Amino acid sequence: MRPVLFETARVEKRGLRPSERTDCPDLIYPITLSVAGALTTTPVVSPHLCAREAWSQMALSEQEAHNIALASRRVLLLLDIQQLMLLDPLEGGVPASKRVKENISHILTHARLAYPQPLIVHVRNCGDPGDLDEPKVSGWELIFEAEDSELVVDKRKNNAFAGTSLGDIIPTDAEIIVAGFLTDYSIRATCNDALKRGNEVLIVRDSHATHDRIEVLHGGGITPANCIEVEVEVELEEAGVHILDMKDVAGLFTNR
């Protein structure tokens, strides 16, 4: 029998180009083998299995999520990015949701391609019976499907740390990048609590949005959503949150 010859090694995990993955020495490679003149492709595992690939083989536990956060010291926290936000504003949707969705998709893509990969957490709000985000109804579903190496956490309050296990999963010295909905509710409350815990917190402009606000006091009227978003950014920046622009996303998950 002729010896097995390792002819080529190609990085094909999740459709990434080899140039995007060669910084990880421990990948699972599909290897083309030549056995008695015939070619076949089989997975060959590196002696030191890359943690990123190992985690993608199974549902992520909270302990594994904590380990990722410890290793990278960086977390992408995606708040309430759920289907109801894409509805027409007259039906309960957010006016800028479609534009913000594209910006968040851009941020999420960079996070998924980063090495080491940050802990990516999808926080899903669970409303009351009859709400647009009542569990299991269409509006409750996530806009971006979580990969196996990402964590999904359900919450009931604006502050994503309240009543959830996030406080145990995310180290207090981790950097947290926050994006999602709604600016003046979940974004504000979660960022403020993260700052109190000692985390460094970052927000990218145009990666969060909210509803127009009907003013009951001070003569009534409506405050446009974009004005509210700017007001909250100013408030959070004064509290210690770092406010970045979309042009900064390319370097957001690198060692800065």
# chains A, B, ... in the order shown; residues from 1 in each chain; ligands from 1
>>> closest_atom_pairs(of="segment 116-174 of chain A", to="segment 184-205 of chain A", cutoff="7 Å", atoms="only C-alpha atoms", output="JSON lines")
{"residue": "A:Asn158", "atom": "CA", "partner": "A:Ser186", "partner_atom": "CA", "distance": 4.3}
{"residue": "A:Asn159", "atom": "CA", "partner": "A:Thr190", "partner_atom": "CA", "distance": 4.5}
{"residue": "A:Ala160", "atom": "CA", "partner": "A:Thr190", "partner_atom": "CA", "distance": 5.6}
{"residue": "A:Phe161", "atom": "CA", "partner": "A:Thr190", "partner_atom": "CA", "distance": 6.8}
{"residue": "A:Thr172", "atom": "CA", "partner": "A:Asn199", "partner_atom": "CA", "distance": 5.2}
{"residue": "A:Asp173", "atom": "CA", "partner": "A:Asn199", "partner_atom": "CA", "distance": 5.3}
{"residue": "A:Ala174", "atom": "CA", "partner": "A:Asn199", "partner_atom": "CA", "distance": 5.7}
>>> closest_residue(among="A:Ser149, A:Asn103, A:Gln82, A:Ser61", to="Asp248 of chain A", atoms="only C-alpha atoms")
A:Asn103
>>> select_by_dssp(residues="segment 104-141 of chain A", states="strand (DSSP E)", output="PyMOL selection string")
chain A and resi 119-125
>>> atom_distance(atom1="atom CA of Leu87 of chain A", atom2="atom CA of Val178 of chain A")
22.2 Å
>>> residues_around(residues="Leu78 of chain A", least_positions_apart="6", cutoff="7 Å", atoms="only C-alpha atoms", output="VMD selection string")
chain A and resid 121 to 123 178 to 180
>>> write_last_selection(atoms="all heavy atoms", output="PDB file, in the first residue's frame")
ATOM      1  N   VAL A 121     -22.333  38.175  22.775  1.00  0.00           N
ATOM      2  CA  VAL A 121     -23.537  37.858  23.544  1.00  0.00           C
ATOM      3  C   VAL A 121     -24.746  38.529  22.903  1.00  0.00           C
ATOM      4  O   VAL A 121     -24.759  39.747  22.705  1.00  0.00           O
ATOM      5  CB  VAL A 121     -23.411  38.327  25.006  1.00  0.00           C
ATOM      6  CG1 VAL A 121     -24.646  37.915  25.798  1.00  0.00           C
ATOM      7  CG2 VAL A 121     -22.150  37.773  25.657  1.00  0.00           C
ATOM      8  N   HIS A 122     -25.745  37.731  22.563  1.00  0.00           N
ATOM      9  CA  HIS A 122     -27.020  38.242  22.054  1.00  0.00           C
ATOM     10  C   HIS A 122     -27.995  38.283  23.224  1.00  0.00           C
ATOM     11  O   HIS A 122     -28.382  37.231  23.749  1.00  0.00           O
ATOM     12  CB  HIS A 122     -27.565  37.334  20.957  1.00  0.00           C
ATOM     13  CG  HIS A 122     -26.635  37.134  19.802  1.00  0.00           C
ATOM     14  ND1 HIS A 122     -26.810  37.785  18.587  1.00  0.00           N
ATOM     15  CD2 HIS A 122     -25.519  36.361  19.664  1.00  0.00           C
ATOM     16  CE1 HIS A 122     -25.846  37.407  17.755  1.00  0.00           C
ATOM     17  NE2 HIS A 122     -25.051  36.552  18.382  1.00  0.00           N
ATOM     18  N   VAL A 123     -28.380  39.478  23.642  1.00  0.00           N
ATOM     19  CA  VAL A 123     -29.318  39.618  24.751  1.00  0.00           C
ATOM     20  C   VAL A 123     -30.717  39.847  24.169  1.00  0.00           C
ATOM     21  O   VAL A 123     -30.927  40.787  23.395  1.00  0.00           O
ATOM     22  CB  VAL A 123     -28.926  40.776  25.683  1.00  0.00           C
ATOM     23  CG1 VAL A 123     -29.942  40.914  26.818  1.00  0.00           C
ATOM     24  CG2 VAL A 123     -27.527  40.549  26.248  1.00  0.00           C
ATOM     25  N   VAL A 178     -21.027  47.857  23.175  1.00  0.00           N
ATOM     26  CA  VAL A 178     -22.482  47.729  23.287  1.00  0.00           C
ATOM     27  C   VAL A 178     -23.145  48.270  22.027  1.00  0.00           C
ATOM     28  O   VAL A 178     -22.803  49.353  21.544  1.00  0.00           O
ATOM     29  CB  VAL A 178     -23.010  48.478  24.524  1.00  0.00           C
ATOM     30  CG1 VAL A 178     -24.529  48.329  24.629  1.00  0.00           C
ATOM     31  CG2 VAL A 178     -22.336  47.967  25.793  1.00  0.00           C
ATOM     32  N   ALA A 179     -24.115  47.512  21.500  1.00  0.00           N
ATOM     33  CA  ALA A 179     -24.879  47.952  20.339  1.00  0.00           C
ATOM     34  C   ALA A 179     -26.292  47.398  20.442  1.00  0.00           C
ATOM     35  O   ALA A 179     -26.519  46.388  21.119  1.00  0.00           O
ATOM     36  CB  ALA A 179     -24.213  47.481  19.042  1.00  0.00           C
ATOM     37  N   GLY A 180     -27.240  48.058  19.772  1.00  0.00           N
ATOM     38  CA  GLY A 180     -28.583  47.509  19.750  1.00  0.00           C
ATOM     39  C   GLY A 180     -29.668  48.534  20.024  1.00  0.00           C
ATOM     40  O   GLY A 180     -29.563  49.712  19.695  1.00  0.00           O
TER      41      GLY A 180
END
>>> closest_residue(among="A:Thr254, A:Asn125, A:Glu147, A:Ile214", to="Ala162 of chain A", atoms="only C-alpha atoms")
A:Asn125
>>> residues_around(residues="Asp206 of chain A", least_positions_apart="2", cutoff="9 Å", atoms="only C-alpha atoms", output="ChimeraX atom specification")
/A:96,99-100,103-104,179,204,208-209,229,245-246
>>> write_last_selection(atoms="C-alpha atoms", output="compact mmCIF listing (two decimals), in the first residue's frame")
# COMPACT_ATOMS: atom_id res chain seq x y z
CA ALA A 96 -33.75 54.01 12.03
CA ARG A 99 -29.86 51.51 8.78
CA VAL A 100 -28.72 50.57 12.27
CA ASN A 103 -24.18 48.96 10.84
CA ILE A 104 -24.53 46.33 13.57
CA ALA A 179 -24.88 47.95 20.34
CA VAL A 204 -20.30 53.18 18.10
CA HIS A 208 -28.02 51.97 18.39
CA ALA A 209 -31.43 53.57 17.99
CA GLU A 229 -29.85 59.10 20.59
CA ASP A 245 -17.61 56.26 14.82
CA MET A 246 -18.34 53.60 12.21
>>> closest_residue(among="A:Ala250, A:Ile222, A:Ile228, A:Ala71", to="Leu108 of chain A", atoms="only C-alpha atoms")
A:Ala250
>>> atom_distance(atom1="atom CA of Leu76 of chain A", atom2="atom CA of Ile120 of chain A")
4.8 Å
>>> atom_distance(atom1="atom CA of Arg213 of chain A", atom2="atom CA of His106 of chain A")
27.7 Å
>>> closest_residue(among="A:Lys136, A:Arg124, A:Thr223, A:Phe253", to="Met85 of chain A", atoms="only C-alpha atoms")
A:Arg124
>>> closest_residue(among="A:Asp80, A:Asp128, A:Glu62, A:Asp148", to="Leu166 of chain A", atoms="only C-alpha atoms")
A:Glu62
>>> residues_around(residues="Ser138 of chain A", least_positions_apart="5", cutoff="8 Å", atoms="only C-alpha atoms", output="list of chain:residue names")
A:Gln83, A:Leu84, A:Asp133
>>> write_last_selection(atoms="N, CA and C atoms", output="JSON list (two decimals), in the first residue's frame")
[["chain", "number", "residue", "atom", "x", "y", "z"],
["A", 83, "GLN", "N", -36.70, 41.07, 15.99],
["A", 83, "GLN", "CA", -37.47, 41.34, 14.78],
["A", 83, "GLN", "C", -38.47, 42.48, 14.94],
["A", 84, "LEU", "N", -39.04, 42.68, 16.12],
["A", 84, "LEU", "CA", -40.02, 43.74, 16.28],
["A", 84, "LEU", "C", -39.45, 45.11, 15.97],
["A", 133, "ASP", "N", -42.68, 41.62, 21.87],
["A", 133, "ASP", "CA", -41.54, 40.74, 22.16],
["A", 133, "ASP", "C", -41.90, 39.67, 23.18]]
>>> closest_residue(among="A:Gly139, A:Gly127, A:Gly92, A:Gly251", to="Lys155 of chain A", atoms="only C-alpha atoms")
A:Gly127
>>> residues_around(residues="Ile169 of chain A", least_positions_apart="2", cutoff="9 Å", atoms="only C-alpha atoms", output="list in words")
Glu62, Gln63, Glu64, Ala65, His66, Asn67, Ala69, Leu70, Ser165, Leu166, Gly167 and Pro171 of chain A
